[in-house]
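Dropping protein.csv in here (CSV, N, CA, C and O atoms):
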```csv
chain,number,residue,atom,x,y,z
A,3,MET,N,0.8,-1.2,0.0
A,3,MET,CA,0.0,0.0,0.0
A,3,MET,C,0.9,1.2,0.0
A,3,MET,O,1.9,1.3,0.7
A,4,THR,N,0.5,2.2,-0.8
A,4,THR,CA,1.3,3.5,-0.8
A,4,THR,C,0.8,4.3,0.4
A,4,THR,O,-0.3,4.2,1.0
A,5,MET,N,1.7,5.3,0.8
A,5,MET,CA,1.3,6.2,1.8
A,5,MET,C,0.0,7.0,1.5
A,5,MET,O,-0.9,7.2,2.3
A,6,ASN,N,-0.1,7.4,0.2
A,6,ASN,CA,-1.3,8.2,-0.2
A,6,ASN,C,-2.6,7.3,-0.1
A,6,ASN,O,-3.6,7.8,0.3
A,7,GLU,N,-2.5,6.0,-0.4
A,7,GLU,CA,-3.6,5.1,-0.3
A,7,GLU,C,-4.0,5.0,1.2
A,7,GLU,O,-5.2,5.1,1.5
A,8,TRP,N,-3.0,4.9,2.1
A,8,TRP,CA,-3.3,4.9,3.5
A,8,TRP,C,-3.9,6.2,4.0
A,8,TRP,O,-4.9,6.2,4.8
A,9,VAL,N,-3.3,7.3,3.5
A,9,VAL,CA,-3.9,8.6,3.9
A,9,VAL,C,-5.4,8.7,3.5
A,9,VAL,O,-6.2,9.1,4.3
A,10,ASP,N,-5.7,8.3,2.3
A,10,ASP,CA,-7.1,8.2,1.9
A,10,ASP,C,-7.9,7.3,2.7
A,10,ASP,O,-9.1,7.6,3.1
A,11,ASP,N,-7.4,6.1,3.1
A,11,ASP,CA,-8.1,5.1,3.8
A,11,ASP,C,-8.4,5.6,5.3
A,11,ASP,O,-9.5,5.2,5.8
A,12,VAL,N,-7.6,6.4,5.8
A,12,VAL,CA,-7.8,6.9,7.2
A,12,VAL,C,-8.7,8.2,7.2
A,12,VAL,O,-8.9,8.7,8.3
A,13,GLY,N,-9.1,8.7,6.1
A,13,GLY,CA,-10.0,9.8,6.1
A,13,GLY,C,-9.4,11.1,5.5
A,13,GLY,O,-10.0,12.1,5.6
A,14,GLY,N,-8.2,11.0,4.9
A,14,GLY,CA,-7.7,12.2,4.3
A,14,GLY,C,-6.5,12.8,5.1
A,14,GLY,O,-6.1,12.2,6.1
A,15,ILE,N,-6.0,13.9,4.5
A,15,ILE,CA,-4.8,14.5,5.0
A,15,ILE,C,-5.0,14.9,6.5
A,15,ILE,O,-4.1,14.7,7.3
A,16,LYS,N,-6.1,15.6,6.9
A,16,LYS,CA,-6.2,16.0,8.2
A,16,LYS,C,-6.3,14.9,9.2
A,16,LYS,O,-5.6,15.0,10.3
A,17,SER,N,-7.0,13.8,8.9
A,17,SER,CA,-7.0,12.7,9.8
A,17,SER,C,-5.7,12.0,9.9
A,17,SER,O,-5.3,11.6,11.0
A,18,ALA,N,-5.0,11.8,8.8
A,18,ALA,CA,-3.6,11.2,8.8
A,18,ALA,C,-2.7,12.1,9.7
A,18,ALA,O,-1.9,11.6,10.5
A,19,ALA,N,-2.8,13.4,9.5
A,19,ALA,CA,-1.9,14.3,10.3
A,19,ALA,C,-2.1,14.1,11.8
A,19,ALA,O,-1.2,14.1,12.5
A,20,LYS,N,-3.4,14.0,12.1
A,20,LYS,CA,-3.7,13.8,13.6
A,20,LYS,C,-3.1,12.5,14.1
A,20,LYS,O,-2.5,12.4,15.1
A,21,LEU,N,-3.3,11.4,13.3
A,21,LEU,CA,-2.8,10.1,13.7
A,21,LEU,C,-1.3,10.1,13.8
A,21,LEU,O,-0.7,9.5,14.7
A,22,LEU,N,-0.6,10.8,12.9
A,22,LEU,CA,0.8,10.9,12.8
A,22,LEU,C,1.4,11.9,13.7
A,22,LEU,O,2.7,12.0,13.8
A,23,GLU,N,0.6,12.8,14.3
A,23,GLU,CA,1.0,13.9,15.1
A,23,GLU,C,1.9,14.8,14.3
A,23,GLU,O,3.0,15.2,14.8
A,24,GLU,N,1.5,15.1,13.1
A,24,GLU,CA,2.1,16.0,12.2
A,24,GLU,C,1.1,17.1,11.8
A,24,GLU,O,-0.1,17.0,12.1
A,25,THR,N,1.6,18.2,11.2
A,25,THR,CA,0.7,19.2,10.8
A,25,THR,C,0.1,18.8,9.5
A,25,THR,O,0.7,18.0,8.7
A,26,PRO,N,-1.2,19.2,9.2
A,26,PRO,CA,-1.8,18.9,7.9
A,26,PRO,C,-0.9,19.4,6.7
A,26,PRO,O,-0.8,18.7,5.7
A,27,ARG,N,-0.2,20.5,6.9
A,27,ARG,CA,0.6,21.0,5.8
A,27,ARG,C,1.8,20.1,5.5
A,27,ARG,O,2.1,19.8,4.4
A,28,THR,N,2.3,19.5,6.6
A,28,THR,CA,3.4,18.5,6.4
A,28,THR,C,2.9,17.3,5.6
A,28,THR,O,3.5,16.9,4.6
A,29,VAL,N,1.8,16.7,6.1
A,29,VAL,CA,1.3,15.5,5.4
A,29,VAL,C,0.9,15.9,4.0
A,29,VAL,O,1.1,15.1,3.0
A,30,ARG,N,0.3,17.0,3.8
A,30,ARG,CA,-0.1,17.5,2.4
A,30,ARG,C,1.2,17.6,1.5
A,30,ARG,O,1.1,17.1,0.3
A,31,SER,N,2.3,18.0,2.0
A,31,SER,CA,3.5,18.1,1.2
A,31,SER,C,4.0,16.8,0.8
A,31,SER,O,4.6,16.6,-0.2
A,32,TRP,N,3.9,15.8,1.7
A,32,TRP,CA,4.2,14.4,1.4
A,32,TRP,C,3.3,13.8,0.3
A,32,TRP,O,3.7,13.2,-0.6
A,33,TYR,N,2.0,14.1,0.6
A,33,TYR,CA,0.9,13.5,-0.3
A,33,TYR,C,1.1,14.0,-1.7
A,33,TYR,O,0.9,13.2,-2.7
A,34,TYR,N,1.5,15.2,-1.9
A,34,TYR,CA,1.6,15.8,-3.3
A,34,TYR,C,3.1,15.8,-3.7
A,34,TYR,O,3.4,16.4,-4.7
A,35,ALA,N,3.9,15.0,-3.1
A,35,ALA,CA,5.3,14.8,-3.4
A,35,ALA,C,6.1,16.1,-3.5
A,35,ALA,O,7.1,16.2,-4.3
A,36,GLU,N,5.7,17.1,-2.7
A,36,GLU,CA,6.5,18.3,-2.6
A,36,GLU,C,7.8,18.1,-1.8
A,36,GLU,O,8.8,18.7,-2.0
A,37,ARG,N,7.6,17.2,-0.8
A,37,ARG,CA,8.7,16.8,0.1
A,37,ARG,C,8.6,15.3,0.5
A,37,ARG,O,7.5,14.8,0.4
A,38,ALA,N,9.7,14.7,0.8
A,38,ALA,CA,9.7,13.3,1.3
A,38,ALA,C,9.8,13.3,2.8
A,38,ALA,O,10.5,14.2,3.4
A,39,PRO,N,9.1,12.4,3.4
A,39,PRO,CA,9.2,12.3,4.9
A,39,PRO,C,10.7,12.0,5.3
A,39,PRO,O,11.3,11.2,4.6
A,40,ARG,N,11.1,12.5,6.4
A,40,ARG,CA,12.4,12.2,6.9
A,40,ARG,C,12.3,10.8,7.5
A,40,ARG,O,11.2,10.3,7.7
A,41,GLN,N,13.4,10.2,7.8
A,41,GLN,CA,13.4,8.8,8.3
A,41,GLN,C,12.5,8.6,9.5
A,41,GLN,O,11.8,7.6,9.5
A,42,GLN,N,12.6,9.4,10.5
A,42,GLN,CA,11.8,9.3,11.7
A,42,GLN,C,10.3,9.4,11.4
A,42,GLN,O,9.5,8.6,11.9
A,43,SER,N,10.0,10.3,10.5
A,43,SER,CA,8.5,10.4,10.1
A,43,SER,C,8.1,9.1,9.3
A,43,SER,O,7.0,8.7,9.5
A,44,ALA,N,9.0,8.6,8.4
A,44,ALA,CA,8.7,7.4,7.7
A,44,ALA,C,8.5,6.2,8.6
A,44,ALA,O,7.5,5.5,8.4
A,45,GLU,N,9.3,6.1,9.6
A,45,GLU,CA,9.2,5.0,10.6
A,45,GLU,C,7.8,5.2,11.3
A,45,GLU,O,7.2,4.2,11.6
A,46,ASN,N,7.4,6.4,11.6
A,46,ASN,CA,6.1,6.7,12.3
A,46,ASN,C,5.0,6.3,11.4
A,46,ASN,O,4.0,5.6,11.8
A,47,ILE,N,5.1,6.6,10.1
A,47,ILE,CA,4.0,6.2,9.1
A,47,ILE,C,3.9,4.7,9.1
A,47,ILE,O,2.8,4.1,9.2
A,48,ILE,N,5.0,4.0,9.0
A,48,ILE,CA,5.0,2.5,9.0
A,48,ILE,C,4.4,1.9,10.2
A,48,ILE,O,3.5,1.1,10.2
A,49,GLN,N,4.8,2.5,11.4
A,49,GLN,CA,4.2,2.0,12.7
A,49,GLN,C,2.7,2.3,12.8
A,49,GLN,O,1.9,1.4,13.1
A,50,LYS,N,2.3,3.5,12.5
A,50,LYS,CA,0.9,3.9,12.7
A,50,LYS,C,0.0,3.2,11.6
A,50,LYS,O,-1.2,3.0,11.9
A,51,SER,N,0.6,2.8,10.5
A,51,SER,CA,-0.2,2.1,9.5
A,51,SER,C,-0.3,0.6,9.8
A,51,SER,O,-0.9,-0.2,9.1
A,52,GLY,N,0.4,0.2,10.9
A,52,GLY,CA,0.4,-1.2,11.2
A,52,GLY,C,1.2,-2.1,10.2
A,52,GLY,O,0.9,-3.2,10.1
A,53,GLY,N,2.1,-1.4,9.5
A,53,GLY,CA,2.9,-2.1,8.6
A,53,GLY,C,2.3,-2.2,7.2
A,53,GLY,O,2.9,-2.7,6.3
A,54,ALA,N,1.1,-1.6,7.0
A,54,ALA,CA,0.4,-1.6,5.7
A,54,ALA,C,1.2,-0.8,4.7
A,54,ALA,O,1.2,-1.1,3.5
A,55,VAL,N,1.9,0.2,5.2
A,55,VAL,CA,2.7,1.1,4.4
A,55,VAL,C,4.2,0.7,4.7
A,55,VAL,O,4.5,0.6,5.9
A,56,ASP,N,5.0,0.5,3.7
A,56,ASP,CA,6.4,0.2,4.0
A,56,ASP,C,7.3,1.3,3.3
A,56,ASP,O,6.7,2.2,2.8
A,57,TRP,N,8.6,1.1,3.4
A,57,TRP,CA,9.5,2.1,2.8
A,57,TRP,C,9.2,2.4,1.4
A,57,TRP,O,9.1,3.5,0.9
A,58,CYS,N,9.0,1.3,0.6
A,58,CYS,CA,8.7,1.5,-0.8
A,58,CYS,C,7.4,2.2,-1.0
A,58,CYS,O,7.2,3.0,-2.0
A,59,GLY,N,6.4,2.0,-0.2
A,59,GLY,CA,5.1,2.7,-0.3
A,59,GLY,C,5.2,4.1,0.0
A,59,GLY,O,4.3,4.9,-0.3
A,60,ILE,N,6.2,4.5,0.7
A,60,ILE,CA,6.4,5.9,1.0
A,60,ILE,C,7.3,6.6,-0.1
A,60,ILE,O,6.9,7.6,-0.6
A,61,TYR,N,8.4,6.0,-0.4
A,61,TYR,CA,9.4,6.7,-1.2
A,61,TYR,C,9.2,6.5,-2.7
A,61,TYR,O,9.6,7.4,-3.5
A,62,GLN,N,8.8,5.3,-3.2
A,62,GLN,CA,8.7,5.1,-4.6
A,62,GLN,C,7.7,6.0,-5.3
A,62,GLN,O,8.0,6.6,-6.3
A,63,PRO,N,6.5,6.3,-4.7
A,63,PRO,CA,5.6,7.2,-5.4
A,63,PRO,C,6.1,8.6,-5.5
A,63,PRO,O,5.9,9.3,-6.5
A,64,ILE,N,6.9,9.0,-4.5
A,64,ILE,CA,7.5,10.4,-4.5
A,64,ILE,C,8.6,10.4,-5.6
A,64,ILE,O,8.6,11.4,-6.4
A,65,GLN,N,9.4,9.4,-5.7
A,65,GLN,CA,10.4,9.3,-6.7
A,65,GLN,C,9.8,9.3,-8.1
A,65,GLN,O,10.3,10.1,-9.0
A,66,ARG,N,8.7,8.6,-8.3
A,66,ARG,CA,8.1,8.6,-9.6
A,66,ARG,C,7.5,9.9,-10.0
A,66,ARG,O,7.6,10.4,-11.1
A,67,ALA,N,6.9,10.6,-9.0
A,67,ALA,CA,6.4,11.9,-9.3
A,67,ALA,C,7.5,12.9,-9.6
A,67,ALA,O,7.3,13.8,-10.5
A,68,ARG,N,8.6,12.8,-8.9
A,68,ARG,CA,9.7,13.7,-9.2
A,68,ARG,C,10.3,13.4,-10.6
A,68,ARG,O,10.6,14.4,-11.4
A,69,GLU,N,10.4,12.2,-11.0
A,69,GLU,CA,10.9,11.8,-12.3
A,69,GLU,C,10.0,12.3,-13.4
A,69,GLU,O,10.4,12.8,-14.4
A,70,LYS,N,8.7,12.1,-13.2
A,70,LYS,CA,7.7,12.6,-14.1
A,70,LYS,C,7.8,14.1,-14.3
A,70,LYS,O,7.7,14.6,-15.5
A,71,ALA,N,8.0,14.8,-13.2
A,71,ALA,CA,8.1,16.3,-13.3
A,71,ALA,C,9.4,16.7,-14.1
A,71,ALA,O,9.4,17.6,-14.9
A,72,ARG,N,10.5,16.0,-13.8
A,72,ARG,CA,11.7,16.3,-14.5
A,72,ARG,C,11.6,16.0,-16.0
A,72,ARG,O,12.0,16.8,-16.8
A,73,HIS,N,10.9,14.9,-16.4
A,73,HIS,CA,10.7,14.6,-17.8
A,73,HIS,C,9.9,15.7,-18.5
A,73,HIS,O,10.1,16.1,-19.6
A,74,ALA,N,8.8,16.1,-17.8
A,74,ALA,CA,7.9,17.1,-18.3
A,74,ALA,C,8.7,18.4,-18.5
A,74,ALA,O,8.5,19.1,-19.5
A,75,ALA,N,9.5,18.8,-17.6
A,75,ALA,CA,10.3,20.0,-17.6
A,75,ALA,C,11.3,19.9,-18.8
A,75,ALA,O,11.4,20.9,-19.6
A,76,ARG,N,11.9,18.8,-19.0
A,76,ARG,CA,12.8,18.6,-20.1
A,76,ARG,C,12.1,18.7,-21.5
A,76,ARG,O,12.7,19.2,-22.5
A,77,ALA,N,10.9,18.2,-21.5
A,77,ALA,CA,10.1,18.2,-22.8
A,77,ALA,C,9.5,19.6,-23.0
A,77,ALA,O,8.8,19.7,-24.1
A,78,GLY,N,9.5,20.4,-22.0
A,78,GLY,CA,9.0,21.8,-22.2
A,78,GLY,C,7.4,21.8,-22.0
A,78,GLY,O,6.7,22.6,-22.5
A,79,VAL,N,7.0,20.8,-21.3
A,79,VAL,CA,5.5,20.7,-21.0
A,79,VAL,C,5.1,21.5,-19.8
A,79,VAL,O,5.8,21.6,-18.9
```
Target format structure tokens, applied to this file:
Amino acid sequence: MTMNEWVDDVGGIKSAAKLLEETPRTVRSWYYAERAPRQQSAENIIQKSGGAVDWCGIYQPIQRAREKARHAARAGV
């Protein structure tokens, strides 16, 4: 499961932020791949999701979004 799928499953960004003891802005920045969670935050996501989200579920979607944005920028889109 990806982090975004888990965020959606728990009721959205505000609900996830409350569960993770983070600000909604922080969770929103992860959700939209503006920033990646730091290691401690990633460990918290894994724990609070009961292991449903793993490292790959956190970082792979962010990496893909960044690669897509780089390709679009190079193509002039």
Any idea what's packed within 10 Å of segment 20-30 of chain A, counting only C-alpha atoms, ignoring anything in its chain fewer than 4 positions away? Could you give it as a JSON list (two decimals) with N, CA, C and O atoms, in the frame of the given file?
```
[["chain", "number", "residue", "atom", "x", "y", "z"],
["A", 5, "MET", "N", 1.70, 5.30, 0.80],
["A", 5, "MET", "CA", 1.30, 6.20, 1.80],
["A", 5, "MET", "C", 0.00, 7.00, 1.50],
["A", 5, "MET", "O", -0.90, 7.20, 2.30],
["A", 6, "ASN", "N", -0.10, 7.40, 0.20],
["A", 6, "ASN", "CA", -1.30, 8.20, -0.20],
["A", 6, "ASN", "C", -2.60, 7.30, -0.10],
["A", 6, "ASN", "O", -3.60, 7.80, 0.30],
["A", 9, "VAL", "N", -3.30, 7.30, 3.50],
["A", 9, "VAL", "CA", -3.90, 8.60, 3.90],
["A", 9, "VAL", "C", -5.40, 8.70, 3.50],
["A", 9, "VAL", "O", -6.20, 9.10, 4.30],
["A", 12, "VAL", "N", -7.60, 6.40, 5.80],
["A", 12, "VAL", "CA", -7.80, 6.90, 7.20],
["A", 12, "VAL", "C", -8.70, 8.20, 7.20],
["A", 12, "VAL", "O", -8.90, 8.70, 8.30],
["A", 14, "GLY", "N", -8.20, 11.00, 4.90],
["A", 14, "GLY", "CA", -7.70, 12.20, 4.30],
["A", 14, "GLY", "C", -6.50, 12.80, 5.10],
["A", 14, "GLY", "O", -6.10, 12.20, 6.10],
["A", 15, "ILE", "N", -6.00, 13.90, 4.50],
["A", 15, "ILE", "CA", -4.80, 14.50, 5.00],
["A", 15, "ILE", "C", -5.00, 14.90, 6.50],
["A", 15, "ILE", "O", -4.10, 14.70, 7.30],
["A", 16, "LYS", "N", -6.10, 15.60, 6.90],
["A", 16, "LYS", "CA", -6.20, 16.00, 8.20],
["A", 16, "LYS", "C", -6.30, 14.90, 9.20],
["A", 16, "LYS", "O", -5.60, 15.00, 10.30],
["A", 34, "TYR", "N", 1.50, 15.20, -1.90],
["A", 34, "TYR", "CA", 1.60, 15.80, -3.30],
["A", 34, "TYR", "C", 3.10, 15.80, -3.70],
["A", 34, "TYR", "O", 3.40, 16.40, -4.70],
["A", 35, "ALA", "N", 3.90, 15.00, -3.10],
["A", 35, "ALA", "CA", 5.30, 14.80, -3.40],
["A", 35, "ALA", "C", 6.10, 16.10, -3.50],
["A", 35, "ALA", "O", 7.10, 16.20, -4.30],
["A", 36, "GLU", "N", 5.70, 17.10, -2.70],
["A", 36, "GLU", "CA", 6.50, 18.30, -2.60],
["A", 36, "GLU", "C", 7.80, 18.10, -1.80],
["A", 36, "GLU", "O", 8.80, 18.70, -2.00],
["A", 37, "ARG", "N", 7.60, 17.20, -0.80],
["A", 37, "ARG", "CA", 8.70, 16.80, 0.10],
["A", 37, "ARG", "C", 8.60, 15.30, 0.50],
["A", 37, "ARG", "O", 7.50, 14.80, 0.40],
["A", 38, "ALA", "N", 9.70, 14.70, 0.80],
["A", 38, "ALA", "CA", 9.70, 13.30, 1.30],
["A", 38, "ALA", "C", 9.80, 13.30, 2.80],
["A", 38, "ALA", "O", 10.50, 14.20, 3.40],
["A", 39, "PRO", "N", 9.10, 12.40, 3.40],
["A", 39, "PRO", "CA", 9.20, 12.30, 4.90],
["A", 39, "PRO", "C", 10.70, 12.00, 5.30],
["A", 39, "PRO", "O", 11.30, 11.20, 4.60],
["A", 43, "SER", "N", 10.00, 10.30, 10.50],
["A", 43, "SER", "CA", 8.50, 10.40, 10.10],
["A", 43, "SER", "C", 8.10, 9.10, 9.30],
["A", 43, "SER", "O", 7.00, 8.70, 9.50],
["A", 46, "ASN", "N", 7.40, 6.40, 11.60],
["A", 46, "ASN", "CA", 6.10, 6.70, 12.30],
["A", 46, "ASN", "C", 5.00, 6.30, 11.40],
["A", 46, "ASN", "O", 4.00, 5.60, 11.80],
["A", 47, "ILE", "N", 5.10, 6.60, 10.10],
["A", 47, "ILE", "CA", 4.00, 6.20, 9.10],
["A", 47, "ILE", "C", 3.90, 4.70, 9.10],
["A", 47, "ILE", "O", 2.80, 4.10, 9.20],
["A", 49, "GLN", "N", 4.80, 2.50, 11.40],
["A", 49, "GLN", "CA", 4.20, 2.00, 12.70],
["A", 49, "GLN", "C", 2.70, 2.30, 12.80],
["A", 49, "GLN", "O", 1.90, 1.40, 13.10],
["A", 50, "LYS", "N", 2.30, 3.50, 12.50],
["A", 50, "LYS", "CA", 0.90, 3.90, 12.70],
["A", 50, "LYS", "C", 0.00, 3.20, 11.60],
["A", 50, "LYS", "O", -1.20, 3.00, 11.90],
["A", 51, "SER", "N", 0.60, 2.80, 10.50],
["A", 51, "SER", "CA", -0.20, 2.10, 9.50],
["A", 51, "SER", "C", -0.30, 0.60, 9.80],
["A", 51, "SER", "O", -0.90, -0.20, 9.10]]
```
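We find atom CA of Ile48 of chain A and atom CA of Asp10 of chain A to be spaced 15.1 Å apart.
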In Å, with one decimal, what is the gap from atom CA of Val55 of chain A to atom CA of Met3 of chain A?
5.3 Å
Would you mind writing down, as a PyMOL selection string, each residue of chain A that DSSP on the backbone assigns to alpha helix (DSSP H)?
chain A and resi 5-11+15-22+26-33+41-50+57-77
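Here atom CA of Tyr33 of chain A and atom CA of Arg72 of chain A stand 18.1 Å from one another.
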I need the residue nearest Ile64 of chain A from this list: A:Trp32, A:Ala18, A:Gly13, A:Ala44. Use all atoms listed in the file for the distance.
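Checking each candidate against Ile64 of chain A, we get A:Trp32 as the closest.
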